[in-house]
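One file, my_file08.cif, is given below (mmCIF, C-alpha atoms).
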data_protein
#
loop_
_atom_site.label_atom_id
_atom_site.label_comp_id
_atom_site.auth_asym_id
_atom_site.auth_seq_id
_atom_site.Cartn_x
_atom_site.Cartn_y
_atom_site.Cartn_z
CA MET A 882 114.48 106.56 36.90
CA ASP A 883 112.80 103.22 37.37
CA ARG A 884 113.85 99.59 37.25
CA THR A 885 112.69 99.09 33.65
CA GLY A 886 114.79 102.00 32.44
CA LEU A 887 117.87 100.72 34.23
CA GLU A 888 117.39 97.19 32.89
CA CYS A 889 117.01 98.51 29.36
CA PHE A 890 120.16 100.58 29.66
CA VAL A 891 122.20 97.65 31.01
CA ALA A 892 120.92 95.43 28.21
CA LEU A 893 121.85 98.04 25.60
CA ALA A 894 125.29 98.58 27.16
CA GLU A 895 125.98 94.85 27.07
CA GLU A 896 124.53 94.16 23.61
CA LEU A 897 125.50 97.49 21.94
CA HIS A 898 122.61 96.81 19.62
CA PHE A 899 119.07 98.20 19.98
CA SER A 900 117.28 95.27 18.36
CA ARG A 901 119.04 92.61 20.45
CA ALA A 902 118.63 94.70 23.65
CA ALA A 903 114.90 95.13 22.94
CA GLU A 904 114.48 91.39 22.36
CA ARG A 905 116.31 90.67 25.61
CA CYS A 906 113.97 93.02 27.50
CA HIS A 907 110.87 91.65 25.74
CA ILE A 908 109.88 95.02 24.29
CA SER A 909 109.84 96.58 20.82
CA GLN A 910 112.84 98.46 19.44
CA PRO A 911 110.98 101.83 19.50
CA ALA A 912 110.05 101.22 23.12
CA MET A 913 113.70 100.47 23.90
CA SER A 914 114.74 103.77 22.29
CA GLN A 915 112.12 105.62 24.35
CA GLN A 916 113.37 104.02 27.57
CA ILE A 917 116.94 105.17 26.88
CA LEU A 918 115.83 108.68 25.92
CA ARG A 919 113.67 108.95 29.05
CA LEU A 920 116.61 107.88 31.21
CA GLU A 921 118.96 110.38 29.56
CA ARG A 922 116.44 113.18 30.10
CA ALA A 923 116.05 112.22 33.74
CA LEU A 924 119.82 112.29 34.20
CA ASP A 925 120.35 115.27 31.88
CA VAL A 926 123.31 113.49 30.34
CA ARG A 927 123.97 111.49 27.19
CA LEU A 928 124.67 107.82 27.93
CA ALA A 929 125.23 106.41 24.43
CA HIS A 930 126.27 107.42 20.96
CA ARG A 931 124.11 105.76 18.33
CA ASN A 932 123.61 105.81 14.61
CA LYS A 933 122.00 103.40 12.20
CA ARG A 934 124.87 100.91 12.45
CA THR A 935 126.64 101.28 15.78
CA VAL A 936 126.04 101.96 19.46
CA SER A 937 128.75 102.95 21.89
CA LEU A 938 128.70 104.24 25.45
CA THR A 939 129.82 107.71 26.35
CA ARG A 940 132.23 108.10 29.25
CA ALA A 941 129.27 109.05 31.41
CA GLY A 942 127.46 105.93 30.18
CA GLU A 943 130.39 103.69 31.13
CA VAL A 944 130.43 105.11 34.66
CA PHE A 945 126.66 104.93 34.93
CA LEU A 946 126.65 101.27 33.80
CA SER A 947 128.66 100.19 36.83
CA GLU A 948 126.34 102.04 39.20
CA ALA A 949 123.20 100.84 37.43
CA ARG A 950 124.30 97.23 37.90
CA LYS A 951 124.83 97.90 41.61
CA VAL A 952 121.38 99.48 41.96
CA LEU A 953 119.70 96.51 40.26
CA ARG A 954 121.57 94.08 42.53
CA GLN A 955 120.52 96.11 45.56
CA MET A 956 116.91 96.10 44.39
CA ASP A 957 117.03 92.33 43.97
CA ASP A 958 118.61 91.92 47.40
CA ALA A 959 116.01 94.20 48.99
CA ALA A 960 113.16 92.24 47.41
CA ALA A 961 114.67 88.93 48.49
CA LEU A 962 115.20 90.22 52.01
CA ALA A 963 111.61 91.43 52.22
CA LEU A 964 110.37 88.03 51.07
CA ARG A 965 112.59 86.14 53.53
CA THR A 966 111.46 88.43 56.34
CA ASP A 967 107.82 87.81 55.45
CA ARG A 968 108.54 84.07 55.57
CA GLY A 969 110.17 84.47 58.98
CA GLU A 970 113.62 83.49 57.69
CA VAL A 971 115.38 86.65 58.92
CA GLY A 972 114.78 89.15 61.67
CA GLN A 973 114.45 88.80 65.42
CA LEU A 974 112.25 86.74 67.74
CA THR A 975 111.69 87.94 71.30
CA THR A 976 111.07 85.02 73.61
CA GLY A 977 110.16 84.73 77.25
CA VAL A 978 111.25 81.83 79.45
CA THR A 979 110.78 80.93 83.09
CA SER A 980 113.79 80.33 85.28
CA PRO A 981 113.27 76.53 85.52
CA ALA A 982 112.62 76.17 81.79
CA LEU A 983 115.77 78.16 81.05
CA TYR A 984 117.81 75.26 82.42
CA VAL A 985 115.54 72.31 81.65
CA VAL A 986 114.71 72.74 77.97
CA TYR A 987 115.30 76.22 76.51
CA PRO A 988 118.93 75.64 75.37
CA GLU A 989 117.79 72.66 73.31
CA ILE A 990 114.92 74.67 71.81
CA ALA A 991 117.25 77.54 70.91
CA ALA A 992 119.80 75.22 69.30
CA LEU A 993 117.15 73.54 67.13
CA PHE A 994 115.63 76.91 66.20
CA ARG A 995 118.97 78.42 65.19
CA ARG A 996 119.74 75.36 63.09
CA ARG A 997 116.53 75.90 61.13
CA LEU A 998 116.56 79.70 60.99
CA PRO A 999 120.20 80.77 61.41
CA ASN A 1000 119.48 84.36 60.33
CA VAL A 1001 116.80 85.00 62.95
CA GLY A 1002 118.16 86.41 66.20
CA LEU A 1003 116.75 85.20 69.52
CA VAL A 1004 116.19 87.73 72.30
CA VAL A 1005 115.64 85.98 75.64
CA ARG A 1006 113.84 87.51 78.62
CA GLU A 1007 113.63 85.58 81.88
CA LEU A 1008 110.10 86.07 83.22
CA THR A 1009 107.55 84.18 85.30
CA THR A 1010 104.57 82.61 83.57
CA ALA A 1011 102.29 85.43 84.76
CA GLU A 1012 104.76 88.09 83.54
CA GLN A 1013 104.93 86.40 80.16
CA GLU A 1014 101.15 86.43 79.86
CA HIS A 1015 101.15 90.21 80.36
CA ALA A 1016 104.08 90.67 77.96
CA LEU A 1017 102.41 88.55 75.26
CA ARG A 1018 99.20 90.57 75.56
CA ARG A 1019 101.15 93.83 75.22
CA GLY A 1020 103.09 92.53 72.24
CA ASP A 1021 106.41 92.72 74.09
CA LEU A 1022 107.00 89.00 73.47
CA ASP A 1023 106.52 86.95 70.33
CA VAL A 1024 106.41 83.61 72.14
CA GLY A 1025 106.91 82.34 75.69
CA VAL A 1026 108.12 79.16 77.38
CA VAL A 1027 105.82 78.85 80.37
CA HIS A 1028 104.31 76.48 82.91
CA PRO A 1029 100.72 75.72 81.83
CA PRO A 1030 97.88 76.16 82.30
CA LEU A 1031 97.53 79.88 81.64
CA ASP A 1032 94.98 82.25 83.14
CA ASP A 1033 94.52 84.24 79.92
CA PRO A 1034 92.06 82.50 77.54
CA SER A 1035 93.13 84.75 74.66
CA LEU A 1036 96.51 83.02 74.50
CA ALA A 1037 97.18 79.55 73.13
CA VAL A 1038 99.49 77.25 75.06
CA GLU A 1039 100.81 73.87 74.00
CA GLU A 1040 102.43 71.61 76.56
CA ILE A 1041 105.65 70.13 75.18
CA GLY A 1042 106.71 67.95 78.09
CA ARG A 1043 106.96 67.33 81.81
CA ALA A 1044 110.05 67.14 83.98
CA PRO A 1045 109.69 65.05 87.17
CA PHE A 1046 111.05 66.70 90.29
CA GLN A 1047 114.01 65.28 92.18
CA LEU A 1048 115.41 66.05 95.62
CA ALA A 1049 118.66 67.71 96.56
CA LEU A 1050 119.97 66.65 99.99
CA PRO A 1051 122.86 67.82 102.16
CA GLU A 1052 125.73 65.38 102.05
CA GLY A 1053 125.60 63.12 105.12
CA HIS A 1054 121.84 63.42 105.59
CA PRO A 1055 120.35 60.03 106.67
CA LEU A 1056 118.09 59.92 103.59
CA THR A 1057 121.13 59.89 101.30
CA GLU A 1058 121.64 56.24 102.22
CA ARG A 1059 118.67 55.38 99.99
CA ALA A 1060 118.92 55.16 96.19
CA SER A 1061 115.53 56.84 95.79
CA LEU A 1062 112.92 58.48 98.00
CA GLU A 1063 109.18 58.89 98.26
CA LEU A 1064 107.37 62.06 99.26
CA ALA A 1065 106.39 60.44 102.57
CA ASP A 1066 110.10 60.40 103.48
CA LEU A 1067 109.97 64.20 103.72
CA ALA A 1068 107.65 64.14 106.74
CA GLY A 1069 109.25 66.27 109.42
CA GLU A 1070 112.00 67.55 107.11
CA GLN A 1071 112.69 71.21 106.37
CA VAL A 1072 112.40 71.89 102.64
CA VAL A 1073 113.61 74.62 100.27
CA ILE A 1074 111.17 75.21 97.42
CA PHE A 1075 110.58 77.66 94.57
CA PRO A 1076 108.30 80.66 95.32
CA ARG A 1077 104.63 80.22 94.53
CA GLN A 1078 104.60 83.11 92.03
CA ILE A 1079 106.98 81.17 89.77
CA ALA A 1080 104.34 78.47 89.15
CA PRO A 1081 101.28 78.82 91.43
CA GLN A 1082 99.49 75.65 90.37
CA LEU A 1083 102.64 73.54 90.59
CA TYR A 1084 103.42 74.95 94.04
CA ASP A 1085 99.93 74.02 95.20
CA THR A 1086 100.28 70.57 93.64
CA VAL A 1087 103.46 69.91 95.65
CA LEU A 1088 101.66 70.75 98.89
CA LEU A 1089 98.65 68.64 97.88
CA LEU A 1090 100.76 65.59 97.04
CA CYS A 1091 102.49 65.87 100.41
CA ARG A 1092 99.14 66.02 102.19
CA GLN A 1093 98.01 62.97 100.24
CA ALA A 1094 101.20 61.25 101.41
CA GLY A 1095 100.10 61.92 104.99
CA PHE A 1096 101.96 65.03 106.10
CA SER A 1097 102.18 68.81 105.67
CA LEU A 1098 105.32 70.07 103.98
CA LYS A 1099 107.56 72.17 106.22
CA ILE A 1100 108.92 75.00 104.09
CA ALA A 1101 112.14 76.41 105.49
CA LEU A 1102 112.83 78.84 102.64
CA GLU A 1103 111.61 79.78 99.18
CA ALA A 1104 114.26 80.48 96.56
CA HIS A 1105 115.00 80.45 92.85
CA PRO A 1106 116.62 79.71 90.49
CA ALA A 1107 117.83 76.14 91.00
CA GLN A 1108 121.38 77.29 91.83
CA SER A 1109 120.04 79.19 94.83
CA ILE A 1110 118.06 76.20 96.09
CA ILE A 1111 121.11 73.97 95.71
CA ALA A 1112 123.33 76.48 97.52
CA LEU A 1113 120.90 76.61 100.46
CA VAL A 1114 120.81 72.80 100.56
CA ALA A 1115 124.61 72.73 100.61
CA ALA A 1116 124.48 75.09 103.60
CA GLY A 1117 122.32 72.55 105.43
CA LEU A 1118 119.15 74.66 105.49
CA GLY A 1119 116.91 71.91 104.18
CA LEU A 1120 116.14 69.50 101.37
CA GLY A 1121 115.43 71.04 97.98
CA PHE A 1122 113.03 70.38 95.13
CA ILE A 1123 114.67 70.66 91.70
CA ALA A 1124 113.12 70.02 88.31
CA SER A 1125 114.67 67.08 86.42
CA GLU A 1126 118.24 65.84 86.14
CA THR A 1127 119.10 68.91 84.08
CA GLN A 1128 119.16 71.02 87.24
CA ARG A 1129 121.44 68.63 89.12
CA LEU A 1130 124.34 71.05 89.30
CA ALA A 1131 127.57 69.63 90.68
CA ARG A 1132 128.30 71.22 94.06
CA ASP A 1133 130.25 70.04 97.07
CA GLY A 1134 128.03 69.00 99.93
CA VAL A 1135 124.96 68.13 97.81
CA VAL A 1136 123.66 64.79 96.57
CA TYR A 1137 120.58 64.07 94.47
CA ARG A 1138 117.90 61.41 94.65
CA PRO A 1139 114.93 60.62 92.36
CA ILE A 1140 111.41 60.46 93.75
CA ASP A 1141 109.43 57.22 93.41
CA GLY A 1142 105.66 57.02 93.36
CA PRO A 1143 103.44 60.10 93.11
CA ARG A 1144 105.66 63.10 92.54
CA PRO A 1145 105.33 66.67 91.27
CA GLN A 1146 106.19 67.26 87.65
CA LEU A 1147 107.12 70.53 86.01
CA ALA A 1148 104.86 71.05 83.00
CA ILE A 1149 106.50 73.15 80.27
CA GLY A 1150 104.64 74.64 77.35
CA VAL A 1151 104.86 77.28 74.64
CA ALA A 1152 102.46 80.24 74.76
CA TYR A 1153 101.61 82.39 71.73
CA HIS A 1154 98.82 84.24 69.95
CA ALA A 1155 96.90 81.55 68.07
CA ASP A 1156 95.19 84.07 65.78
CA ALA A 1157 98.47 85.42 64.37
CA ILE A 1158 101.25 82.82 64.25
CA ALA A 1159 104.28 84.29 62.49
CA PRO A 1160 106.46 81.84 60.53
CA ALA A 1161 109.34 82.20 63.01
CA VAL A 1162 106.98 81.47 65.92
CA ARG A 1163 105.79 78.36 64.10
CA THR A 1164 109.40 77.22 63.68
CA PHE A 1165 110.06 77.92 67.38
CA LEU A 1166 107.04 75.82 68.30
CA GLU A 1167 108.27 72.95 66.13
CA ALA A 1168 111.68 73.13 67.80
CA ALA A 1169 110.04 73.16 71.23
CA ARG A 1170 108.01 70.05 70.43
CA GLU A 1171 111.15 68.23 69.36
CA ALA A 1172 113.10 69.34 72.43
CA GLY A 1173 110.19 68.41 74.68
CA ARG A 1174 110.28 64.80 73.53
CA SER A 1175 113.72 64.40 75.09
CA MET A 1176 112.82 65.95 78.47
CA ARG A 1177 113.47 63.87 81.57
#

Here is a file; write its structure as structure tokens.
Amino acid sequence: MDRTGLECFVALAEELHFSRAAERCHISQPAMSQQILRLERALDVRLAHRNKRTVSLTRAGEVFLSEARKVLRQMDDAAALALRTDRGEVGQLTTGVTSPALYVVYPEIAALFRRRLPNVGLVVRELTTAEQEHALRRGDLDVGVVHPPLDDPSLAVEEIGRAPFQLALPEGHPLTERASLELADLAGEQVVIFPRQIAPQLYDTVLLLCRQAGFSLKIALEAHPAQSIIALVAAGLGLGFIASETQRLARDGVVYRPIDGPRPQLAIGVAYHADAIAPAVRTFLEAAREAGRSMR
């Protein structure tokens, strides 16, 4: 059996006339007769009674008609699904995201992506930038939300935005009397900061900016994600760096202040294989660009 044979049989069953069925299938009447005979031989059953004037289905033909219609619909559905998958409209996209980006921008990216490709599932893996580079090389990730620049020149990365850091302070700390702070105000203060492996260049930039402000940063503890930093600040163990207002989680005993003047900023970008951009990855990148424009 093949699709042509099934289509010819359905046309004949609906027209009950060889000439009209042949015209409908864009073939000659002898070719239509051969298609029906070939199908009957393949099934080893008679599907239609025919003479020079009339055509009627056998009982087997009536049953087969219902199933033939189902098979043709399934073939159409399978072809459409294959095409939509090739276009990136269905399937699954495995994404990596760093802990800070997971709170700062990823929810907005995911919402925009799902709006555009509702039938593509998102698998999210929380990984550092370095871990995402390895996973992208191995093919374990389709796309990653990282902190550029990357070490791997084989991967493309597009920065989508920057989130300026703010400070979390224990309630009652003298610096909370100010509406905003400068890095120089941290001289002599104990600070809670993210580990260097989360974003090595950003970590080094924080230390450099503090040195340029005239002091060396005193690191009391390193912690992540933002909730952990905020919890340690609430316990009075130091002041904490958090990325953007998005990470300002409400917690008793903690207040937040913006930083004026030179300040560290969390760069966020999308990493992918530039030589093989799947349609779903392209849509994810478009969503990331849009979400990045609203970052604070």

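The residues returned by the PyMOL selection byres ((chain A and resi 1091) around 12) for this structure are A:Glu1063, A:Leu1064, A:Ala1065, A:Asp1066, A:Leu1067, A:Ala1068, A:Gly1069, A:Glu1070, A:Val1072, A:Tyr1084, A:Asp1085, A:Thr1086, A:Val1087, A:Leu1088, A:Leu1089, A:Leu1090, A:Arg1092, A:Gln1093, A:Ala1094, A:Gly1095, A:Phe1096, A:Ser1097, A:Leu1098, A:Lys1099, A:Ile1100, A:Gly1142, A:Pro1143, A:Arg1144, A:Pro1145.
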
Same residues, C-alpha atoms, saved as a compact mmCIF listing (two decimals), in the coordinates of the input:
# COMPACT_ATOMS: atom_id res chain seq x y z
CA GLU A 1063 109.18 58.89 98.26
CA LEU A 1064 107.37 62.06 99.26
CA ALA A 1065 106.39 60.44 102.57
CA ASP A 1066 110.10 60.40 103.48
CA LEU A 1067 109.97 64.20 103.72
CA ALA A 1068 107.65 64.14 106.74
CA GLY A 1069 109.25 66.27 109.42
CA GLU A 1070 112.00 67.55 107.11
CA VAL A 1072 112.40 71.89 102.64
CA TYR A 1084 103.42 74.95 94.04
CA ASP A 1085 99.93 74.02 95.20
CA THR A 1086 100.28 70.57 93.64
CA VAL A 1087 103.46 69.91 95.65
CA LEU A 1088 101.66 70.75 98.89
CA LEU A 1089 98.65 68.64 97.88
CA LEU A 1090 100.76 65.59 97.04
CA ARG A 1092 99.14 66.02 102.19
CA GLN A 1093 98.01 62.97 100.24
CA ALA A 1094 101.20 61.25 101.41
CA GLY A 1095 100.10 61.92 104.99
CA PHE A 1096 101.96 65.03 106.10
CA SER A 1097 102.18 68.81 105.67
CA LEU A 1098 105.32 70.07 103.98
CA LYS A 1099 107.56 72.17 106.22
CA ILE A 1100 108.92 75.00 104.09
CA GLY A 1142 105.66 57.02 93.36
CA PRO A 1143 103.44 60.10 93.11
CA ARG A 1144 105.66 63.10 92.54
CA PRO A 1145 105.33 66.67 91.27

Just how far from CA of Pro1029 in chain A is CA of Leu1003 in chain A, in Å to one decimal?
22.3 Å

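Note on the selection: in this file the PyMOL selection byres ((chain A and resi 932-935) around 9) comes out as Leu897, His898, His930, Arg931, Val936 and Ser937 of chain A.
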
Using only C-alpha atoms, list the residues that have an atom at most 12 Å from (103.1, 90.5, 84.0), coordinates as in the file, as JSON, numbers by chain.
{"A": [977, 1007, 1008, 1009, 1010, 1011, 1012, 1013, 1014, 1015, 1016, 1017, 1018, 1019, 1020, 1021, 1022, 1032, 1033, 1078, 1079]}

Once the PyMOL selection byres ((chain A and resi 1101-1118) around 12) is applied to the coordinates I shared, what remains selected? I want it as a ChimeraX atom specification.
/A:979-985,1007-1009,1046-1054,1069-1080,1084,1098-1100,1119-1137

Missing atoms in range 1079-1112 of chain A should be modelled up to N, CA and C atoms and reported as a short mmCIF file (atom, residue, chain, number, x, y, z; two decimals), in the frame of the given file.
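Listed below is the output, part-v6.cif:
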data_model
loop_
_atom_site.label_atom_id
_atom_site.label_comp_id
_atom_site.auth_asym_id
_atom_site.auth_seq_id
_atom_site.Cartn_x
_atom_site.Cartn_y
_atom_site.Cartn_z
N ILE A 1079 106.31 81.75 90.93
CA ILE A 1079 106.98 81.17 89.77
C ILE A 1079 106.03 80.25 89.01
N ALA A 1080 105.30 79.41 89.76
CA ALA A 1080 104.34 78.47 89.15
C ALA A 1080 103.30 78.13 90.21
N PRO A 1081 102.25 78.98 90.34
CA PRO A 1081 101.28 78.82 91.43
C PRO A 1081 100.63 77.45 91.49
N GLN A 1082 100.18 76.94 90.35
CA GLN A 1082 99.49 75.65 90.37
C GLN A 1082 100.44 74.51 90.73
N LEU A 1083 101.67 74.58 90.25
CA LEU A 1083 102.64 73.54 90.59
C LEU A 1083 102.98 73.59 92.08
N TYR A 1084 103.14 74.78 92.61
CA TYR A 1084 103.42 74.95 94.04
C TYR A 1084 102.31 74.31 94.87
N ASP A 1085 101.07 74.59 94.48
CA ASP A 1085 99.93 74.02 95.20
C ASP A 1085 99.88 72.51 95.03
N THR A 1086 100.27 72.02 93.87
CA THR A 1086 100.28 70.57 93.64
C THR A 1086 101.30 69.88 94.54
N VAL A 1087 102.45 70.49 94.74
CA VAL A 1087 103.46 69.91 95.65
C VAL A 1087 102.88 69.77 97.06
N LEU A 1088 102.24 70.81 97.53
CA LEU A 1088 101.66 70.75 98.89
C LEU A 1088 100.56 69.70 98.96
N LEU A 1089 99.74 69.61 97.90
CA LEU A 1089 98.65 68.64 97.88
C LEU A 1089 99.19 67.22 97.89
N LEU A 1090 100.20 66.93 97.09
CA LEU A 1090 100.76 65.59 97.04
C LEU A 1090 101.35 65.19 98.39
N CYS A 1091 101.95 66.17 99.08
CA CYS A 1091 102.49 65.87 100.41
C CYS A 1091 101.36 65.56 101.39
N ARG A 1092 100.28 66.31 101.31
CA ARG A 1092 99.14 66.02 102.19
C ARG A 1092 98.56 64.64 101.89
N GLN A 1093 98.51 64.29 100.60
CA GLN A 1093 98.01 62.97 100.24
C GLN A 1093 98.95 61.87 100.70
N ALA A 1094 100.23 62.22 100.89
CA ALA A 1094 101.20 61.25 101.41
C ALA A 1094 101.16 61.18 102.93
N GLY A 1095 100.32 62.02 103.56
CA GLY A 1095 100.10 61.92 104.99
C GLY A 1095 100.79 62.94 105.85
N PHE A 1096 101.29 64.02 105.28
CA PHE A 1096 101.96 65.03 106.10
C PHE A 1096 101.84 66.40 105.43
N SER A 1097 102.13 67.43 106.19
CA SER A 1097 102.18 68.81 105.67
C SER A 1097 103.63 69.20 105.48
N LEU A 1098 103.94 69.71 104.31
CA LEU A 1098 105.32 70.07 103.98
C LEU A 1098 105.78 71.24 104.84
N LYS A 1099 106.96 71.10 105.43
CA LYS A 1099 107.56 72.17 106.22
C LYS A 1099 108.51 72.96 105.32
N ILE A 1100 108.11 74.18 105.00
CA ILE A 1100 108.92 75.00 104.09
C ILE A 1100 109.86 75.88 104.90
N ALA A 1101 111.15 75.61 104.78
CA ALA A 1101 112.14 76.41 105.49
C ALA A 1101 112.38 77.73 104.77
N LEU A 1102 112.53 77.66 103.44
CA LEU A 1102 112.83 78.84 102.64
C LEU A 1102 112.25 78.67 101.25
N GLU A 1103 111.98 79.78 100.59
CA GLU A 1103 111.61 79.78 99.18
C GLU A 1103 112.72 80.48 98.42
N ALA A 1104 113.14 79.90 97.31
CA ALA A 1104 114.26 80.48 96.56
C ALA A 1104 114.18 80.04 95.11
N HIS A 1105 114.82 80.81 94.26
CA HIS A 1105 115.00 80.45 92.85
C HIS A 1105 116.11 81.34 92.31
N PRO A 1106 116.82 80.94 91.25
CA PRO A 1106 116.62 79.71 90.49
C PRO A 1106 117.19 78.49 91.20
N ALA A 1107 117.39 77.41 90.41
CA ALA A 1107 117.83 76.14 91.00
C ALA A 1107 119.17 76.29 91.72
N GLN A 1108 120.06 77.13 91.18
CA GLN A 1108 121.38 77.29 91.83
C GLN A 1108 121.22 77.78 93.26
N SER A 1109 120.25 78.66 93.48
CA SER A 1109 120.04 79.19 94.83
C SER A 1109 119.51 78.11 95.77
N ILE A 1110 118.58 77.31 95.27
CA ILE A 1110 118.06 76.20 96.09
C ILE A 1110 119.19 75.25 96.45
N ILE A 1111 120.01 74.90 95.48
CA ILE A 1111 121.11 73.97 95.71
C ILE A 1111 122.12 74.54 96.70
N ALA A 1112 122.39 75.84 96.59
CA ALA A 1112 123.33 76.48 97.52
C ALA A 1112 122.80 76.44 98.95
#
